>>> print(open('my_file15.cif').read())   # mmCIF, C-alpha atoms
data_structure
loop_
_atom_site.label_atom_id
_atom_site.label_comp_id
_atom_site.auth_asym_id
_atom_site.auth_seq_id
_atom_site.Cartn_x
_atom_site.Cartn_y
_atom_site.Cartn_z
CA MET A 1002 2.88 3.47 35.17
CA SER A 1003 -0.20 4.73 36.98
CA ASP A 1004 -3.54 2.98 36.95
CA LEU A 1005 -4.87 5.62 34.56
CA ASP A 1006 -1.97 5.11 32.15
CA ALA A 1007 -2.55 1.36 32.22
CA ARG A 1008 -6.24 1.86 31.44
CA VAL A 1009 -5.42 4.25 28.58
CA ALA A 1010 -2.93 1.71 27.14
CA ALA A 1011 -5.43 -1.16 27.50
CA ALA A 1012 -8.23 0.83 25.87
CA LEU A 1013 -5.99 1.91 22.99
CA GLY A 1014 -4.72 -1.61 22.43
CA ALA A 1015 -8.16 -3.26 22.41
CA ASP A 1016 -9.69 -4.62 19.17
CA ALA A 1017 -6.35 -4.83 17.39
CA ALA A 1018 -6.25 -6.55 14.02
CA PRO A 1019 -5.30 -10.25 14.17
CA GLU A 1020 -1.60 -11.07 13.98
CA ARG A 1021 -2.15 -12.89 10.69
CA ASP A 1022 -5.04 -12.10 8.37
CA ALA A 1023 -5.20 -14.07 5.14
CA LEU A 1024 -8.20 -12.11 3.85
CA PHE A 1025 -6.39 -8.81 4.29
CA ARG A 1026 -3.36 -10.25 2.47
CA LEU A 1027 -5.54 -11.48 -0.39
CA ASP A 1028 -7.19 -8.06 -0.69
CA VAL A 1029 -3.77 -6.40 -0.95
CA LEU A 1030 -2.60 -8.91 -3.57
CA ALA A 1031 -5.82 -8.38 -5.57
CA ARG A 1032 -5.21 -4.62 -5.54
CA ILE A 1033 -1.64 -5.16 -6.70
CA GLU A 1034 -2.89 -7.33 -9.57
CA ARG A 1035 -5.40 -4.64 -10.56
CA THR A 1036 -2.63 -2.02 -10.46
CA ARG A 1037 -0.42 -4.23 -12.64
CA PHE A 1038 -3.27 -4.78 -15.11
CA ARG A 1039 -4.03 -1.04 -15.33
CA ARG A 1040 -0.36 -0.27 -15.96
CA ARG A 1041 -0.12 -2.93 -18.66
CA ILE A 1042 -3.21 -1.55 -20.40
CA LEU A 1043 -1.86 2.00 -20.25
CA ARG A 1044 1.57 0.93 -21.56
CA THR A 1045 0.04 -1.11 -24.36
CA THR A 1046 -2.27 1.72 -25.38
CA ALA A 1047 0.61 4.20 -25.39
CA ILE A 1048 2.81 1.89 -27.51
CA ALA A 1049 -0.06 1.20 -29.91
CA LEU A 1050 -0.75 4.91 -30.34
CA VAL A 1051 2.90 5.73 -30.99
CA ALA A 1052 3.20 2.81 -33.45
CA ALA A 1053 0.04 3.87 -35.28
CA MET A 1054 1.29 7.44 -35.52
CA LEU A 1055 4.70 6.34 -36.83
CA VAL A 1056 3.07 4.14 -39.46
CA ALA A 1057 0.69 6.92 -40.47
CA VAL A 1058 3.46 9.52 -40.77
CA ASN A 1059 5.70 7.15 -42.77
CA ALA A 1060 2.95 5.47 -44.78
CA GLN A 1061 4.26 6.68 -48.13
CA THR A 1062 7.84 5.58 -47.41
CA ILE A 1063 6.68 2.15 -46.26
CA ASP A 1064 4.50 1.81 -49.34
CA THR A 1065 7.39 2.63 -51.65
CA TRP A 1066 9.67 0.20 -49.77
CA ILE A 1067 7.09 -2.61 -50.05
CA ALA A 1068 6.65 -1.96 -53.78
CA ALA A 1069 10.43 -2.22 -54.34
CA ASP A 1070 10.61 -5.96 -53.58
CA ALA A 1071 8.09 -8.77 -52.88
CA TRP A 1072 10.12 -9.86 -49.80
CA HIS A 1073 9.61 -6.43 -48.23
CA GLY A 1074 5.88 -7.11 -48.07
CA TRP A 1075 6.52 -10.31 -46.11
CA ILE A 1076 8.88 -8.51 -43.75
CA VAL A 1077 6.31 -5.79 -43.05
CA GLY A 1078 3.62 -8.45 -42.56
CA ALA A 1079 5.81 -10.36 -40.09
CA ALA A 1080 6.63 -7.14 -38.22
CA ALA A 1081 2.93 -6.31 -37.99
CA LEU A 1082 2.18 -9.82 -36.68
CA VAL A 1083 4.90 -9.58 -34.01
CA ALA A 1084 3.65 -6.11 -33.01
CA MET A 1085 0.11 -7.48 -32.65
CA LEU A 1086 1.30 -10.37 -30.47
CA VAL A 1087 3.38 -8.06 -28.30
CA LEU A 1088 0.58 -5.53 -27.91
CA SER A 1089 -1.93 -8.25 -27.02
CA GLY A 1090 0.38 -9.18 -24.13
CA MET A 1091 1.01 -12.65 -25.50
CA PRO A 1092 4.52 -13.90 -24.70
CA ILE A 1093 5.93 -14.74 -28.12
CA ALA A 1094 8.26 -17.47 -26.86
CA SER A 1095 5.33 -19.45 -25.46
CA THR A 1096 3.04 -19.01 -28.47
CA PRO A 1097 2.45 -22.47 -30.08
CA GLY A 1098 4.32 -22.75 -33.32
CA VAL A 1099 6.26 -19.52 -32.95
CA ARG A 1100 8.93 -21.25 -30.86
CA ALA A 1101 9.37 -23.89 -33.58
CA VAL A 1102 9.61 -21.23 -36.30
CA VAL A 1103 12.18 -19.28 -34.25
CA LYS A 1104 14.17 -22.53 -33.79
CA VAL A 1105 14.14 -23.25 -37.56
CA PHE A 1106 15.25 -19.69 -38.34
CA GLY A 1107 17.94 -19.98 -35.66
CA HIS A 1108 19.36 -23.12 -37.30
CA TRP A 1109 19.11 -21.50 -40.73
CA PHE A 1110 21.02 -18.41 -39.64
CA ALA A 1111 23.58 -20.52 -37.79
CA ARG A 1112 24.55 -22.39 -40.94
CA MET B 540 16.98 -2.12 9.76
CA ASN B 541 18.07 -5.63 10.83
CA ASP B 542 19.54 -8.31 8.56
CA ASP B 543 16.28 -10.23 8.38
CA GLU B 544 14.37 -7.20 7.10
CA THR B 545 17.18 -6.31 4.69
CA ALA B 546 16.98 -9.83 3.24
CA LEU B 547 13.20 -9.62 3.01
CA VAL B 548 13.29 -6.29 1.14
CA ALA B 549 16.02 -7.63 -1.16
CA ALA B 550 13.87 -10.71 -1.88
CA ILE B 551 10.88 -8.50 -2.74
CA ARG B 552 13.07 -6.45 -5.10
CA ASP B 553 14.22 -9.70 -6.76
CA GLY B 554 10.58 -10.72 -7.24
CA ALA B 555 10.55 -13.67 -4.81
CA PRO B 556 6.93 -14.87 -4.81
CA HIS B 557 6.37 -15.20 -1.05
CA ALA B 558 8.50 -12.32 0.18
CA PHE B 559 5.80 -9.67 -0.15
CA ASN B 560 3.28 -11.98 1.56
CA MET B 561 5.69 -12.20 4.49
CA LEU B 562 6.02 -8.44 4.60
CA ILE B 563 2.23 -8.09 4.75
CA ASP B 564 1.94 -10.75 7.47
CA ARG B 565 4.63 -9.13 9.59
CA HIS B 566 3.46 -5.55 9.44
CA GLN B 567 -0.27 -5.49 8.70
CA GLN B 568 -1.22 -5.47 12.37
CA ALA B 569 0.91 -2.41 13.19
CA VAL B 570 -0.22 -0.46 10.11
CA ARG B 571 -3.89 -1.30 10.64
CA ALA B 572 -3.76 -0.49 14.36
CA PHE B 573 -2.15 2.87 13.61
CA LEU B 574 -4.71 3.75 10.94
CA HIS B 575 -7.66 2.42 12.95
CA ARG B 576 -6.87 4.66 15.90
CA LEU B 577 -5.99 7.57 13.63
CA LEU B 578 -9.17 7.46 11.56
CA GLY B 579 -11.55 5.98 14.13
CA ASN B 580 -13.07 3.66 11.56
CA ALA B 581 -11.93 0.10 10.85
CA ALA B 582 -13.25 -0.12 7.28
CA GLU B 583 -11.62 3.18 6.28
CA ALA B 584 -8.42 2.13 8.05
CA ASP B 585 -8.27 -1.22 6.22
CA ASP B 586 -8.89 0.51 2.89
CA ILE B 587 -5.97 2.88 3.42
CA ALA B 588 -3.83 0.07 4.88
CA GLN B 589 -4.34 -1.92 1.67
CA ASP B 590 -3.41 1.15 -0.38
CA THR B 591 -0.34 1.53 1.81
CA PHE B 592 0.88 -1.98 0.98
CA VAL B 593 0.18 -1.46 -2.73
CA ALA B 594 2.27 1.74 -2.56
CA ALA B 595 5.00 -0.15 -0.69
CA TRP B 596 5.05 -2.77 -3.43
CA THR B 597 5.34 0.00 -6.06
CA GLN B 598 8.03 1.94 -4.19
CA VAL B 599 10.11 -0.93 -2.80
CA ARG B 600 12.99 -0.18 -5.17
CA SER B 601 13.30 3.34 -3.80
CA PHE B 602 13.40 2.16 -0.15
CA ARG B 603 16.94 2.84 1.02
CA GLY B 604 16.74 1.13 4.41
CA GLU B 605 17.48 4.25 6.46
CA THR B 606 14.52 3.44 8.73
CA SER B 607 12.87 0.19 9.76
CA VAL B 608 10.31 -1.35 7.39
CA ARG B 609 7.55 -0.66 9.93
CA SER B 610 8.48 3.04 10.08
CA TRP B 611 8.60 3.21 6.30
CA LEU B 612 5.13 1.61 6.03
CA CYS B 613 3.69 3.83 8.76
CA GLY B 614 5.14 6.86 6.95
CA ILE B 615 3.32 5.88 3.76
CA ALA B 616 0.14 5.20 5.77
CA TRP B 617 0.40 8.59 7.49
CA ARG B 618 0.74 10.47 4.19
CA LYS B 619 -2.17 8.55 2.69
CA ALA B 620 -4.33 9.17 5.76
CA LYS B 621 -3.55 12.89 5.64
CA GLY B 622 -4.47 12.97 1.96
CA ALA B 623 -7.73 11.14 2.59
CA GLN B 624 -8.59 13.34 5.58
CA ARG B 625 -11.00 15.58 3.72
CA SER B 626 -13.16 12.78 2.44
CA TRP B 627 -13.41 10.90 5.71
CA ALA B 628 -13.66 13.92 8.01
CA ARG B 629 -17.25 14.50 6.96
CA ARG B 630 -18.24 10.87 7.47
CA ARG B 631 -16.24 10.46 10.66
CA LEU B 632 -18.58 12.14 13.10
CA ARG B 633 -21.58 10.29 11.71
CA ASP B 634 -19.98 6.85 11.59
CA ALA B 635 -17.39 6.79 14.35
CA VAL B 636 -19.69 6.73 17.37
CA HIS B 637 -21.92 4.08 15.83
CA TYR B 638 -18.96 1.92 14.83
CA GLU B 639 -17.17 2.25 18.14
CA GLN B 640 -20.28 1.32 20.07
CA MET B 641 -20.75 -1.73 17.86
CA SER B 642 -17.13 -2.89 18.12
CA ALA B 643 -16.90 -2.18 21.84
CA SER B 644 -19.99 -4.15 22.65
CA ALA B 645 -18.93 -7.05 20.44
CA SER B 646 -15.53 -7.77 21.97
CA THR B 647 -13.84 -8.60 25.22
CA GLY B 648 -10.95 -6.90 27.00
CA PRO B 649 -10.81 -3.63 28.90
CA ALA B 650 -14.05 -2.06 30.16
CA ILE B 651 -16.34 -0.89 27.38
CA GLU B 652 -16.73 2.50 29.06
CA ASP B 653 -12.95 2.98 29.10
CA ARG B 654 -12.64 2.10 25.44
CA LEU B 655 -15.43 4.38 24.35
CA ALA B 656 -14.15 7.27 26.47
CA VAL B 657 -10.58 6.90 25.21
CA ARG B 658 -11.56 6.52 21.58
CA GLN B 659 -13.95 9.43 21.62
CA ALA B 660 -11.30 11.55 23.32
CA LEU B 661 -8.79 10.40 20.70
CA LEU B 662 -11.10 11.50 17.90
CA THR B 663 -11.32 15.00 19.38
CA LEU B 664 -7.52 15.47 19.12
CA PRO B 665 -6.11 17.29 16.07
CA LEU B 666 -4.95 14.84 13.40
CA GLU B 667 -1.22 15.37 13.92
CA GLN B 668 -1.53 15.01 17.68
CA ARG B 669 -3.65 11.87 17.25
CA ALA B 670 -1.04 10.38 14.90
CA ALA B 671 1.76 11.06 17.40
CA VAL B 672 -0.25 9.54 20.26
CA THR B 673 -1.18 6.51 18.17
CA LEU B 674 2.35 5.87 16.94
CA CYS B 675 3.91 6.16 20.40
CA LEU B 676 1.19 4.63 22.57
CA VAL B 677 -0.40 2.05 20.24
CA SER B 678 2.25 1.09 17.68
CA GLY B 679 5.12 1.23 20.18
CA CYS B 680 7.26 3.62 18.14
CA SER B 681 9.87 5.76 19.85
CA HIS B 682 9.55 9.54 19.69
CA VAL B 683 12.41 9.63 17.19
CA GLU B 684 10.69 7.05 14.95
CA ALA B 685 7.40 8.94 15.16
CA SER B 686 9.08 12.21 14.22
CA ALA B 687 10.72 10.50 11.20
CA ILE B 688 7.41 8.92 10.14
CA MET B 689 5.45 12.15 10.43
CA GLY B 690 8.21 14.43 9.17
CA VAL B 691 7.96 16.81 12.12
CA ALA B 692 10.45 17.94 14.78
CA LEU B 693 11.16 15.63 17.73
CA GLY B 694 10.04 18.30 20.20
CA THR B 695 6.70 18.60 18.41
CA VAL B 696 6.13 14.86 18.71
CA LYS B 697 7.00 14.87 22.42
CA SER B 698 4.64 17.75 23.02
CA HIS B 699 1.84 16.08 20.99
CA VAL B 700 2.22 12.82 22.90
CA SER B 701 2.33 14.51 26.28
CA ARG B 702 -0.75 16.65 25.59
CA GLY B 703 -2.61 13.80 23.94
CA ARG B 704 -1.91 11.40 26.80
CA GLU B 705 -3.10 14.03 29.28
CA ARG B 706 -6.31 14.47 27.26
CA LEU B 707 -6.95 10.70 27.30
CA ARG B 708 -6.26 10.45 31.02
CA ARG B 709 -8.67 13.33 31.61
CA ALA B 710 -11.32 11.56 29.55
CA LEU B 711 -10.97 8.45 31.74
CA LYS B 712 -11.12 10.52 34.94
CA GLU B 713 -14.30 12.25 33.74
CA GLU B 714 -15.77 8.91 32.77
CA ARG B 715 -15.29 7.66 36.36
#
>>> encode(input="my_file15.cif", output="structure tokens")
Amino acid sequence: MSDLDARVAAALGADAAPERDALFRLDVLARIERTRFRRRILRTTAIALVAAMLVAVNAQTIDTWIAADAWHGWIVGAAALVAMLVLSGMPIASTPGVRAVVKVFGHWFAR
Amino acid sequence: MNDDETALVAAIRDGAPHAFNMLIDRHQQAVRAFLHRLLGNAAEADDIAQDTFVAAWTQVRSFRGETSVRSWLCGIAWRKAKGAQRSWARRRLRDAVHYEQMSASASTGPAIEDRLAVRQALLTLPLEQRAAVTLCLVSGCSHVEASAIMGVALGTVKSHVSRGRERLRRALKEER
């Protein structure tokens, strides 16, 4: 390698980024979190829109089904509650009380 | 791709918490150096480097391991830099000289005059030629790796590197 080549290589290699850079890593992880959050919001919005449209289109059918039996009203209410929890991003299994209710229902169905 | 890198990529796919941190630590220097020399601006380079790692995180499931992880990352960085070219090209001339003078005067190493001459000469090269020179002379990629990263023929890369190196040598000679 000639002297000129060595000088070119040295000049090009100067001011390199540090071998480890915690700040850079944190910036990347923050961007990833923002990307995840944006995706979650978009997915939730899309699901909510589709659910709202389905309910609107089938409103009369649902209404008739609820009127047929008092239990149907409770079932629709429970479904709406679960949908709200899911759409809010709350993990149902870790929601206080819900785990206990699921356990009771589990035992009840197992009998 | 060696076994260590295969295991690291597999761990990232499985969602291991520290695997992606390790990937960043291992390859950030190479990606940032490539982008810094390519764009001539450290802030712009770091911005695109961060985007590159976010894209890598998103696309890790589609990485088939046909190239090394560094080549894969540099390929993403190259495509992002090309896409961002329009926006930074206008700012480049205004900012690059100022930035390079600041960074050259603030650090130690080779002669400041050499660094300024080489970097200014580098910025005058066409983007593709600059990328080939940077990959082969700064990031230590082989010609074959550089051609895979840039998606151009091997002969084109060799010619870009040869011409680019000659241009940089000429800049140093003139600076003498």
>>> resolve_selection(input="my_file15.cif", expression="the PyMOL selection byres ((chain A) within 6 of (chain B))", output="PyMOL selection string")
chain A and resi 1012+1017-1018+1020-1021+1029+1033
>>> resolve_selection(input="my_file15.cif", expression="the PyMOL selection byres ((chain B and resi 552) around 12)", output="list in words")
Thr545, Ala546, Leu547, Val548, Ala549, Ala550, Ile551, Asp553, Gly554, Ala555, Pro556, His557, Ala558, Phe559, Ala595, Trp596, Thr597, Gln598, Val599, Arg600, Ser601, Phe602 and Arg603 of chain B
>>> atom_distance(input="my_file15.cif", atom1="CA of Val1009 (chain A)", atom2="CA of Ala616 (chain B)")
23.5 Å
>>> atom_distance(input="my_file15.cif", atom1="CA of His699 (chain B)", atom2="CA of Arg609 (chain B)")
20.9 Å
>>> resolve_selection(input="my_file15.cif", expression="the PyMOL selection byres ((chain B and resi 700) around 10)", output="list in words")
Glu667, Gln668, Arg669, Ala670, Ala671, Val672, Thr673, Leu674, Cys675, Leu676, His682, Gly694, Thr695, Val696, Lys697, Ser698, His699, Ser701, Arg702, Gly703, Arg704, Glu705 and Arg706 of chain B
>>> residues_around(input="my_file15.cif", residues="region 1045-1050 of chain A", least_positions_apart="4", cutoff="10 Å", atoms="only C-alpha atoms", output="ChimeraX atom specification")
/A:1039-1041,1054-1056,1084-1085,1087-1090
>>> atom_distance(input="my_file15.cif", atom1="CA of Leu1024 (chain A)", atom2="CA of Ala582 (chain B)")
13.5 Å
>>> residues_near_point(input="my_file15.cif", point="(14.6, 8.8, 11.9)", cutoff="12 Å", atoms="all atoms listed in the file", output="list in words")
Met540, Gly604, Glu605, Thr606, Ser607, Val608, Arg609, Ser610, Trp611, Gly614, Cys680, Ser681, His682, Val683, Glu684, Ala685, Ser686, Ala687, Ile688, Met689, Gly690, Val691, Ala692 and Leu693 of chain B
>>> residues_around(input="my_file15.cif", residues="Gln624 (chain B)", least_positions_apart="6", cutoff="12 Å", atoms="only C-alpha atoms", output="PyMOL selection string")
chain B and resi 574+577-579+583-584+587+616-618+630-631+665-667
>>> axis_aligned_box(input="my_file15.cif", around="region 662-675 of chain B", padding_each_side="4 Å", output="AutoDock Vina command-line options")
--center_x -3.7 --center_y 11.6 --center_z 16.9 --size_x 23.2 --size_y 19.4 --size_z 15.0
